[in-house]
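Dumped work37.cif below, it's mmCIF, C-alpha atoms:
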```cif
data_upload
loop_
_atom_site.label_atom_id
_atom_site.label_comp_id
_atom_site.auth_asym_id
_atom_site.auth_seq_id
_atom_site.Cartn_x
_atom_site.Cartn_y
_atom_site.Cartn_z
CA MET P 286 -35.69 -0.65 22.88
CA ASP P 287 -35.10 -2.27 19.48
CA PHE P 288 -38.84 -2.88 19.22
CA PHE P 289 -39.54 0.80 19.93
CA PHE P 290 -37.12 2.10 17.31
CA GLU P 291 -38.57 -0.27 14.72
CA LEU P 292 -41.99 1.39 15.05
CA PRO P 293 -43.06 4.03 12.48
CA LEU P 294 -41.82 7.53 13.25
CA TRP P 295 -45.32 8.91 13.82
CA VAL P 296 -46.01 6.16 16.37
CA GLN P 297 -42.74 6.94 18.17
CA ALA P 298 -43.60 10.64 18.20
CA ALA P 299 -47.10 9.94 19.55
CA LEU P 300 -45.77 7.69 22.31
CA LYS P 301 -43.15 10.28 23.28
CA GLY P 302 -45.81 12.99 23.39
CA LEU P 303 -48.08 10.89 25.58
CA ALA P 304 -45.14 10.10 27.85
CA VAL P 305 -44.36 13.81 28.25
CA ILE P 306 -47.98 14.59 29.13
CA ALA P 307 -48.15 11.63 31.55
CA VAL P 308 -45.03 12.84 33.36
CA ILE P 309 -45.25 16.65 33.25
CA PHE P 310 -48.92 16.99 34.24
CA PRO P 311 -48.60 14.95 37.47
CA ILE P 312 -45.32 16.69 38.36
CA ALA P 313 -46.91 20.12 37.89
CA GLY P 314 -49.90 19.10 39.99
CA ALA P 315 -47.65 17.65 42.69
CA CYS P 316 -45.64 20.90 42.71
CA SER P 317 -48.79 22.92 43.40
CA MET P 318 -49.56 20.61 46.31
CA ALA P 319 -45.96 20.63 47.52
CA GLU P 320 -45.88 24.43 47.48
CA ARG P 321 -48.81 24.58 49.88
CA LYS P 322 -47.09 22.14 52.22
CA VAL P 323 -43.74 23.92 51.98
CA SER P 324 -45.36 27.28 52.71
CA ALA P 325 -47.15 25.74 55.69
CA TRP P 326 -43.89 24.30 56.98
CA ILE P 327 -42.11 27.65 56.63
CA GLN P 328 -44.98 29.49 58.35
CA ASP P 329 -45.34 26.86 61.11
CA ARG P 330 -48.87 25.68 60.30
CA PRO P 331 -50.30 22.29 59.24
CA GLY P 332 -51.34 23.24 55.70
CA PRO P 333 -53.64 20.98 53.64
CA SER P 334 -54.40 18.00 55.89
CA ARG P 335 -58.15 17.25 55.86
CA ALA P 336 -59.19 15.66 52.56
CA ILE P 337 -59.39 11.86 52.55
CA PRO P 338 -61.62 9.37 50.65
CA PRO P 339 -63.85 7.28 52.95
CA TRP P 340 -62.26 4.00 51.88
CA PHE P 341 -58.83 5.28 52.94
CA ALA P 342 -60.09 6.64 56.26
CA ILE P 343 -60.75 3.12 57.57
CA ILE P 344 -57.13 2.02 56.99
CA PRO P 345 -55.23 2.36 60.29
CA ILE P 346 -51.94 4.29 60.44
CA ILE P 347 -51.56 4.63 56.64
CA GLY P 348 -54.85 6.50 56.14
CA PRO P 349 -54.26 9.15 58.84
CA PHE P 350 -50.63 9.54 57.72
CA LEU P 351 -51.62 10.24 54.10
CA GLN P 352 -54.34 12.59 55.31
CA ARG P 353 -51.91 14.64 57.42
CA LEU P 354 -49.49 14.63 54.49
CA GLY P 355 -52.18 16.21 52.31
CA ALA P 356 -51.80 13.61 49.58
CA PHE P 357 -55.51 13.57 48.71
CA HIS P 358 -55.84 17.33 48.28
CA LEU P 359 -54.21 16.99 44.87
CA LEU P 360 -57.04 14.70 43.73
CA ALA P 361 -59.65 16.95 45.33
CA ASP P 362 -58.31 20.13 43.74
CA GLY P 363 -57.85 18.50 40.34
CA GLY P 364 -61.36 17.10 40.34
CA LYS P 365 -62.84 20.42 41.47
CA LEU P 366 -61.08 22.42 38.75
CA LEU P 367 -61.95 19.87 36.06
CA PHE P 368 -65.67 19.52 36.79
CA LYS P 369 -66.72 22.92 38.15
CA GLU P 370 -68.56 25.39 35.94
CA ASP P 371 -66.24 27.04 33.44
CA PRO P 372 -67.06 30.77 33.26
CA LEU P 373 -66.77 32.65 29.98
CA PRO P 374 -67.36 36.39 30.56
CA GLY P 375 -69.43 38.15 27.94
CA HIS P 376 -67.04 41.05 27.40
CA VAL P 377 -63.98 38.98 26.42
CA ASN P 378 -62.71 38.08 22.96
CA LYS P 379 -63.87 34.50 23.25
CA PHE P 380 -61.67 32.81 20.64
CA TYR P 381 -58.37 34.19 21.92
CA PHE P 382 -59.57 33.98 25.53
CA VAL P 383 -59.97 30.21 25.18
CA MET P 384 -56.82 29.84 23.09
CA ALA P 385 -54.49 31.51 25.63
CA PRO P 386 -54.35 28.59 28.13
CA LEU P 387 -53.77 26.15 25.28
CA VAL P 388 -50.94 28.30 23.94
CA ALA P 389 -49.41 28.24 27.44
CA MET P 390 -49.23 24.44 27.42
CA ILE P 391 -47.45 24.06 24.07
CA PRO P 392 -43.99 25.40 25.08
CA ALA P 393 -44.41 23.96 28.59
CA LEU P 394 -44.72 20.44 27.19
CA SER P 395 -42.28 20.87 24.27
CA THR P 396 -39.13 22.15 25.99
CA VAL P 397 -38.66 18.91 27.91
CA ALA P 398 -37.84 17.13 24.62
CA PHE P 399 -34.39 18.78 24.56
CA VAL P 400 -33.54 18.06 28.21
CA PRO P 401 -31.56 14.86 28.98
CA PHE P 402 -32.82 13.27 32.19
CA GLY P 403 -30.26 10.50 32.74
CA ALA P 404 -27.68 8.29 31.08
CA TYR P 405 -26.34 4.76 30.94
CA VAL P 406 -22.96 3.24 30.13
CA SER P 407 -22.94 1.20 26.93
CA GLU P 408 -20.92 -1.92 26.23
CA ALA P 409 -18.29 0.31 24.58
CA LYS P 410 -17.86 2.17 27.93
CA GLN P 411 -19.54 5.26 26.47
CA VAL P 412 -22.05 7.33 28.41
CA VAL P 413 -25.27 7.52 26.37
CA PRO P 414 -27.74 10.22 27.45
CA LEU P 415 -31.45 9.50 27.88
CA ILE P 416 -33.23 12.23 25.92
CA LEU P 417 -36.19 12.52 23.58
CA ALA P 418 -34.43 14.75 21.01
CA ASN P 419 -30.65 14.45 21.17
CA VAL P 420 -29.62 17.41 19.00
CA ASP P 421 -26.58 19.66 19.06
CA VAL P 422 -28.71 22.77 19.56
CA GLY P 423 -30.49 21.51 22.69
CA LEU P 424 -30.10 24.67 24.77
CA LEU P 425 -31.13 26.84 21.82
CA GLY P 426 -34.27 24.75 21.46
CA VAL P 427 -35.09 25.15 25.16
CA PHE P 428 -34.59 28.93 25.03
CA ALA P 429 -36.53 29.32 21.78
CA LEU P 430 -39.56 27.33 22.92
CA ALA P 431 -39.59 28.60 26.51
CA SER P 432 -39.64 32.21 25.33
CA LEU P 433 -42.90 31.52 23.47
CA GLY P 434 -44.70 30.97 26.78
CA VAL P 435 -45.03 34.71 27.32
CA TYR P 436 -47.35 34.95 24.31
CA SER P 437 -50.04 33.09 26.25
CA LEU P 438 -49.88 35.72 29.02
CA ILE P 439 -50.02 38.56 26.51
CA LEU P 440 -52.90 36.87 24.68
CA ALA P 441 -54.81 36.27 27.94
CA GLY P 442 -54.36 39.86 29.06
CA TRP P 443 -55.40 41.32 25.71
CA ALA P 444 -58.34 38.98 25.13
CA SER P 445 -59.79 39.68 28.60
CA ASN P 446 -60.72 43.23 27.51
CA SER P 447 -60.03 44.40 31.05
CA LYS P 448 -57.56 46.87 32.52
CA TYR P 449 -55.70 44.77 35.06
CA PRO P 450 -55.22 41.66 32.88
CA PHE P 451 -53.93 43.88 30.08
CA LEU P 452 -51.36 45.47 32.43
CA GLY P 453 -50.31 41.97 33.53
CA GLY P 454 -49.68 40.95 29.92
CA VAL P 455 -47.63 44.10 29.28
CA ARG P 456 -45.58 43.45 32.40
CA ALA P 457 -44.96 39.85 31.33
CA SER P 458 -43.56 40.91 27.95
CA ALA P 459 -41.34 43.62 29.46
CA GLN P 460 -40.01 41.27 32.13
CA LEU P 461 -39.22 38.54 29.60
CA ILE P 462 -37.20 40.92 27.40
CA SER P 463 -35.38 42.36 30.41
CA TYR P 464 -34.13 39.06 31.81
CA GLU P 465 -33.81 36.86 28.73
CA LEU P 466 -30.73 38.80 27.64
CA SER P 467 -29.00 38.22 30.96
CA MET P 468 -29.93 34.54 30.97
CA THR P 469 -28.50 34.00 27.49
CA LEU P 470 -25.28 35.86 28.28
CA SER P 471 -24.83 33.89 31.52
CA VAL P 472 -24.57 30.54 29.72
CA LEU P 473 -22.18 31.68 26.99
CA PRO P 474 -19.07 31.24 29.21
CA VAL P 475 -20.11 27.63 29.84
CA PHE P 476 -20.24 26.82 26.13
CA LEU P 477 -17.08 28.78 25.40
CA TRP P 478 -15.40 26.60 27.99
CA ILE P 479 -16.59 23.23 26.64
CA ASN P 480 -16.14 24.06 22.94
CA ALA P 481 -12.39 24.25 22.50
CA PRO P 482 -10.98 25.66 19.23
CA GLY P 483 -10.56 23.01 16.55
CA GLN P 484 -13.45 20.89 17.82
CA SER P 485 -16.98 20.72 16.52
CA GLY P 486 -19.11 23.25 18.37
CA SER P 487 -22.20 22.11 20.24
CA LEU P 488 -25.01 23.57 22.32
CA SER P 489 -26.03 20.15 23.63
CA LEU P 490 -26.87 19.95 27.32
CA ALA P 491 -25.56 16.38 27.39
CA ARG P 492 -22.21 17.74 26.19
CA VAL P 493 -22.08 20.04 29.24
CA VAL P 494 -22.64 17.11 31.60
CA GLU P 495 -20.03 15.09 29.70
CA TYR P 496 -17.47 17.85 30.25
CA GLN P 497 -18.23 17.88 33.99
CA SER P 498 -17.55 14.12 34.06
CA GLN P 499 -13.93 14.26 32.91
CA PRO P 500 -10.96 13.34 35.12
CA GLY P 501 -8.79 16.00 36.68
CA PHE P 502 -9.46 18.96 38.93
CA LEU P 503 -11.06 21.22 36.32
CA GLY P 504 -12.59 18.32 34.38
CA GLY P 505 -14.69 17.01 37.25
CA MET P 506 -15.55 20.39 38.75
CA TRP P 507 -19.17 21.44 38.48
CA PHE P 508 -19.69 24.76 36.75
CA VAL P 509 -21.43 26.19 39.82
CA PHE P 510 -17.96 26.26 41.41
CA LEU P 511 -16.07 27.13 38.25
CA MET P 512 -18.46 29.91 37.17
CA PRO P 513 -20.45 30.98 40.26
CA VAL P 514 -21.42 34.38 38.81
CA SER P 515 -22.89 32.71 35.71
CA ALA P 516 -24.86 30.33 37.93
CA PHE P 517 -26.16 33.23 40.04
CA ILE P 518 -27.23 35.28 37.01
CA PHE P 519 -28.91 32.28 35.40
CA LEU P 520 -30.79 31.46 38.60
CA VAL P 521 -32.04 35.02 39.12
CA ALA P 522 -33.10 35.27 35.47
CA LEU P 523 -34.82 31.90 35.80
CA PHE P 524 -36.94 33.24 38.64
CA ALA P 525 -37.95 36.16 36.44
CA GLU P 526 -38.57 34.04 33.33
CA THR P 527 -40.88 31.67 35.24
CA ASN P 528 -42.73 34.56 36.96
CA ARG P 529 -41.82 33.27 40.39
CA GLN P 530 -41.82 35.53 43.41
CA PRO P 531 -40.17 37.98 43.98
CA PHE P 532 -40.55 38.50 40.19
CA ASP P 533 -44.26 37.63 39.78
CA MET P 534 -45.13 40.97 38.23
CA PRO P 535 -47.65 39.59 35.66
CA GLU P 536 -49.95 38.34 38.45
CA SER P 537 -49.20 40.74 41.32
CA GLU P 538 -52.44 40.64 43.29
CA ALA P 539 -51.45 43.68 45.36
CA ASP P 540 -51.86 46.07 42.43
CA LEU P 541 -53.32 43.99 39.56
CA VAL P 542 -56.02 42.01 41.45
CA GLY P 543 -54.84 38.81 39.76
CA GLY P 544 -53.02 40.03 36.70
CA PHE P 545 -53.35 38.33 33.35
CA HIS P 546 -55.64 35.56 34.70
CA THR P 547 -58.14 37.79 36.57
CA GLU P 548 -61.02 36.89 34.25
CA TYR P 549 -60.20 33.16 34.18
CA GLY P 550 -61.56 30.39 36.36
CA SER P 551 -61.92 26.63 36.62
CA PHE P 552 -59.83 24.40 34.34
CA LYS P 553 -58.59 27.16 32.02
CA TRP P 554 -57.20 29.02 35.04
CA SER P 555 -55.39 25.89 36.24
CA LEU P 556 -53.69 25.38 32.87
CA PHE P 557 -51.73 28.61 33.32
CA PHE P 558 -50.25 27.30 36.56
CA VAL P 559 -49.61 23.84 35.17
CA ALA P 560 -47.56 25.64 32.52
CA GLU P 561 -45.78 27.75 35.18
CA TYR P 562 -44.78 24.70 37.23
CA SER P 563 -43.74 22.89 34.05
CA HIS P 564 -41.44 25.78 33.14
CA MET P 565 -40.09 25.77 36.69
CA THR P 566 -39.39 22.03 36.45
CA VAL P 567 -37.66 22.31 33.07
CA GLY P 568 -35.71 25.37 34.25
CA SER P 569 -34.55 23.49 37.34
CA ALA P 570 -33.48 20.59 35.12
CA VAL P 571 -31.50 22.90 32.82
CA PHE P 572 -29.83 24.53 35.84
CA ALA P 573 -28.87 21.10 37.18
CA LEU P 574 -27.41 20.11 33.81
CA LEU P 575 -25.46 23.32 33.31
CA PHE P 576 -24.14 23.96 36.79
CA LEU P 577 -24.78 20.94 39.06
CA GLY P 578 -23.21 18.10 37.09
CA GLY P 579 -26.44 16.66 35.70
CA TRP P 580 -26.64 12.98 36.65
CA ASN P 581 -23.17 12.90 38.23
CA PRO P 582 -23.66 12.25 41.97
CA LEU P 583 -20.88 14.49 43.34
CA PRO P 584 -18.21 16.90 42.09
CA TRP P 585 -15.24 14.92 40.74
CA VAL P 586 -17.35 11.72 40.94
CA SER P 587 -18.83 10.81 37.57
CA LEU P 588 -21.58 8.32 36.78
CA GLN P 589 -18.99 5.92 35.38
CA THR P 590 -16.97 6.13 38.59
CA LEU P 591 -20.07 5.48 40.67
CA GLY P 592 -20.96 2.53 38.46
CA GLY P 593 -17.49 1.09 39.02
CA TRP P 594 -17.78 1.49 42.78
CA LEU P 595 -21.18 -0.23 42.86
CA HIS P 596 -20.18 -2.87 40.26
CA LEU P 597 -22.97 -1.72 37.92
CA THR P 598 -20.88 -1.17 34.77
CA GLY P 599 -22.34 -4.30 33.15
CA HIS P 600 -25.89 -3.41 34.16
CA PRO P 601 -26.90 -0.45 31.97
CA VAL P 602 -30.59 -0.55 32.99
CA VAL P 603 -29.84 -0.35 36.72
CA LEU P 604 -27.23 2.35 36.19
CA GLY P 605 -29.64 4.27 33.97
CA ILE P 606 -32.35 4.17 36.64
CA LEU P 607 -29.81 5.32 39.23
CA SER P 608 -28.76 8.25 37.03
CA VAL P 609 -32.40 9.28 36.58
CA LEU P 610 -32.94 9.18 40.35
CA ILE P 611 -29.83 11.31 40.95
CA PHE P 612 -30.98 13.84 38.37
CA ILE P 613 -34.54 13.95 39.74
CA GLY P 614 -33.14 14.51 43.23
CA LYS P 615 -31.28 17.60 42.03
CA VAL P 616 -34.37 18.89 40.20
CA LEU P 617 -36.54 18.42 43.29
CA ALA P 618 -33.99 20.23 45.45
CA SER P 619 -34.02 23.12 42.99
CA ILE P 620 -37.83 23.21 42.98
CA PHE P 621 -37.82 23.29 46.78
CA PHE P 622 -35.45 26.25 46.59
CA PHE P 623 -37.91 28.05 44.29
CA MET P 624 -40.67 27.51 46.83
CA TRP P 625 -38.47 28.47 49.75
CA VAL P 626 -37.59 31.80 48.13
CA ARG P 627 -41.24 32.51 47.31
CA TRP P 628 -42.28 32.26 50.95
CA THR P 629 -39.21 34.09 52.27
CA LEU P 630 -38.60 37.19 50.12
CA PRO P 631 -41.13 39.99 49.56
CA ARG P 632 -42.23 40.91 46.06
CA PHE P 633 -40.21 43.59 44.26
CA ARG P 634 -41.87 46.70 42.92
CA TYR P 635 -42.16 46.87 39.14
CA ASP P 636 -39.59 49.67 38.89
CA GLN P 637 -37.19 47.60 41.01
CA VAL P 638 -37.62 44.62 38.69
CA MET P 639 -36.74 46.76 35.68
CA ARG P 640 -33.78 48.37 37.44
CA ILE P 641 -32.38 45.01 38.56
CA GLY P 642 -32.72 43.58 35.05
CA TRP P 643 -31.27 46.46 33.03
CA LYS P 644 -28.94 48.32 35.40
CA GLN P 645 -27.51 45.49 37.49
CA LEU P 646 -27.98 42.02 36.05
CA LEU P 647 -27.30 42.84 32.38
CA PRO P 648 -24.03 44.78 32.99
CA LEU P 649 -22.92 42.02 35.39
CA SER P 650 -23.59 39.33 32.77
CA ILE P 651 -21.65 41.29 30.10
CA LEU P 652 -18.71 41.78 32.48
CA ASN P 653 -18.82 38.10 33.43
CA LEU P 654 -18.73 37.10 29.74
CA ILE P 655 -15.75 39.39 29.06
CA VAL P 656 -13.81 38.07 32.07
CA TYR P 657 -14.31 34.42 31.17
CA THR P 658 -13.57 35.08 27.52
CA CYS P 659 -10.21 36.53 28.55
CA ILE P 660 -9.55 33.62 30.93
CA ILE P 661 -10.42 30.98 28.32
CA GLY P 662 -8.39 32.80 25.65
CA GLY P 663 -5.40 33.02 27.98
CA MET P 664 -5.60 29.33 28.86
CA GLU P 665 -5.75 28.42 25.19
CA TYR P 666 -2.79 30.67 24.42
CA PHE P 667 -0.61 29.20 27.17
CA GLY P 668 -1.77 25.64 26.44
CA HIS P 669 -3.44 24.89 29.78
CA ARG P 670 -6.51 23.28 28.27
#
```
Could you render the structure from this file as structure tokens?
Amino acid sequence: MDFFFELPLWVQAALKGLAVIAVIFPIAGACSMAERKVSAWIQDRPGPSRAIPPWFAIIPIIGPFLQRLGAFHLLADGGKLLFKEDPLPGHVNKFYFVMAPLVAMIPALSTVAFVPFGAYVSEAKQVVPLILANVDVGLLGVFALASLGVYSLILAGWASNSKYPFLGGVRASAQLISYELSMTLSVLPVFLWINAPGQSGSLSLARVVEYQSQPGFLGGMWFVFLMPVSAFIFLVALFAETNRQPFDMPESEADLVGGFHTEYGSFKWSLFFVAEYSHMTVGSAVFALLFLGGWNPLPWVSLQTLGGWLHLTGHPVVLGILSVLIFIGKVLASIFFFMWVRWTLPRFRYDQVMRIGWKQLLPLSILNLIVYTCIIGGMEYFGHR
């Protein structure tokens, strides 16, 4: 680690960027494969289970197992999308048409820089988060960058010079505005709770996990139990912000053929969905940090407590790897929930999406903020915090 921090800043930045690409791209591809297997499991069918390279087919037991698992379909699909002919319709605005998928990838790969993915216990018994950019405005950075992803959908719909893609882009912008307000208001009670008067304020996601690691009944309680309405609003808004069913209005094939990506194909088409799965992964990570204790294994059981039980306090590397595995487990469970909901609930109509966002979710988030503001103010007044 000392060797890494002694490198020039531009080298550190380049290595971090390459690390993000090397991690996010395979995760997004694996999510697309996992979604097909999860949908097959829910619908009681085998799903992808035929692709296998010849040199794996001759391996007994392992080869057929990986084939039934569908592990090689990810390679087959990736290779097909990368090397097939890339269509460029003559009626589109070519410059912006090509730029739109690239614009989609920028916020998808940038937001992860503000998300802590684990921690270790230093020699001074302090929990040090593992994060690329450990800043006090971490959540603000995630929200600011993630909201830019909608511009790629708007750009794709407009540059396609076609009716249905244009309607998909308009729907994407309206849906983002409708649910971003509720999402922002849902997390304010969390940061009001952790930023007591007289202390330095922070929007750091690591600070939220640190607060859920304290001793005591309220100190070790995850915010999903302490603020269930906030967690529910954030989760519903997250579905809408990531365009996941039942909120996939920008690409509703029932009435928009394919939505904003109707005119796209091949590798450019796949970049939109790599970005979607990347946003879903980062959103799941933020939800785990805010409401599920982050890298803490259980409510009222912190990482330090677990390290003491397993006698790992003097082994920061092992404890750090364990914290990353715990955090990844929560993220994967959240991603599975996203997929489960997609193949369980029917798609809302567009008017229903707008009504839920403006007439139900937004008033509920405002009421939730008022209630918790009164509760936190009363606890401060009576000295219970």
**Message:** Once the PyMOL selection byres ((chain P and resi 612) around 9) has been evaluated on this model, what residues remain selected, and can you format them as a ChimeraX atom specification?
**Reply:** /P:402-403,570,573-574,578-582,607-611,613-617
**Asked** Can you list what the PyMOL selection byres ((chain P and resi 547-559) around 6) grabs from this structure, as a PyMOL selection string?
**Response** chain P and resi 313+366-367+371+386+543-546+560-562
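Using the PyMOL selection byres ((chain P and resi 507) around 8) on this structure selects Gln497, Gly505, Met506, Phe508, Val509, Phe510, Leu511, Phe576, Leu577, Gly578, Pro584 and Trp585 of chain P.
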Just C-alpha atoms for this one: save the residues we selected as a CSV table (one decimal), in the coordinates of the input.
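Generated output (part_36.csv):
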```csv
chain,number,residue,atom,x,y,z
P,497,GLN,CA,-18.2,17.9,34.0
P,505,GLY,CA,-14.7,17.0,37.2
P,506,MET,CA,-15.6,20.4,38.8
P,508,PHE,CA,-19.7,24.8,36.8
P,509,VAL,CA,-21.4,26.2,39.8
P,510,PHE,CA,-18.0,26.3,41.4
P,511,LEU,CA,-16.1,27.1,38.2
P,576,PHE,CA,-24.1,24.0,36.8
P,577,LEU,CA,-24.8,20.9,39.1
P,578,GLY,CA,-23.2,18.1,37.1
P,584,PRO,CA,-18.2,16.9,42.1
P,585,TRP,CA,-15.2,14.9,40.7
```
**Request:** Can you pull out every residue within 9 Å of P:Val400, counting all atoms listed in the file, but drop anything in the same chain fewer than 3 positions away, and send it as a ChimeraX atom specification?
**Result:** /P:396-397,415-419,423-424,427,490-491,567,570-571,574
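We find atom CA of P:Ile439 and atom CA of P:Ile462 to be spaced 13.1 Å apart.
Among P:Thr590, P:Gln637, P:Ser445, P:Ser563, the residue with the shortest atom-to-atom distance to P:Ile306, counting all atoms listed in the file, is P:Ser563.
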**Asked** Once you count all atoms listed in the file, which residues end up no further than 12 Å from (-53.7, 21.0, 61.6) in the file's frame, shown as a PyMOL selection string?
**Response** chain P and resi 322+325-326+329-336+352-355
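You can rank P:Leu591, P:Val586, P:His564, P:Leu541 by their closest distance to P:Gly504 using all atoms listed in the file, and at the top of that list sits P:Val586.
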Starting from 6 Å padding per side, set up an axis-aligned box that covers all listed atoms of stretch 611-623 of chain P and hand over centre and edge lengths in Å, one decimal, as AutoDock Vina command-line options.
```
--center_x -33.9 --center_y 19.7 --center_z 42.6 --size_x 20.1 --size_y 28.7 --size_z 20.4
```
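In this comparison, which uses all atoms listed in the file, the residue of P:Val412, P:Ala398, P:Leu595, P:Leu438 approaching P:Tyr381 most closely is P:Leu438.
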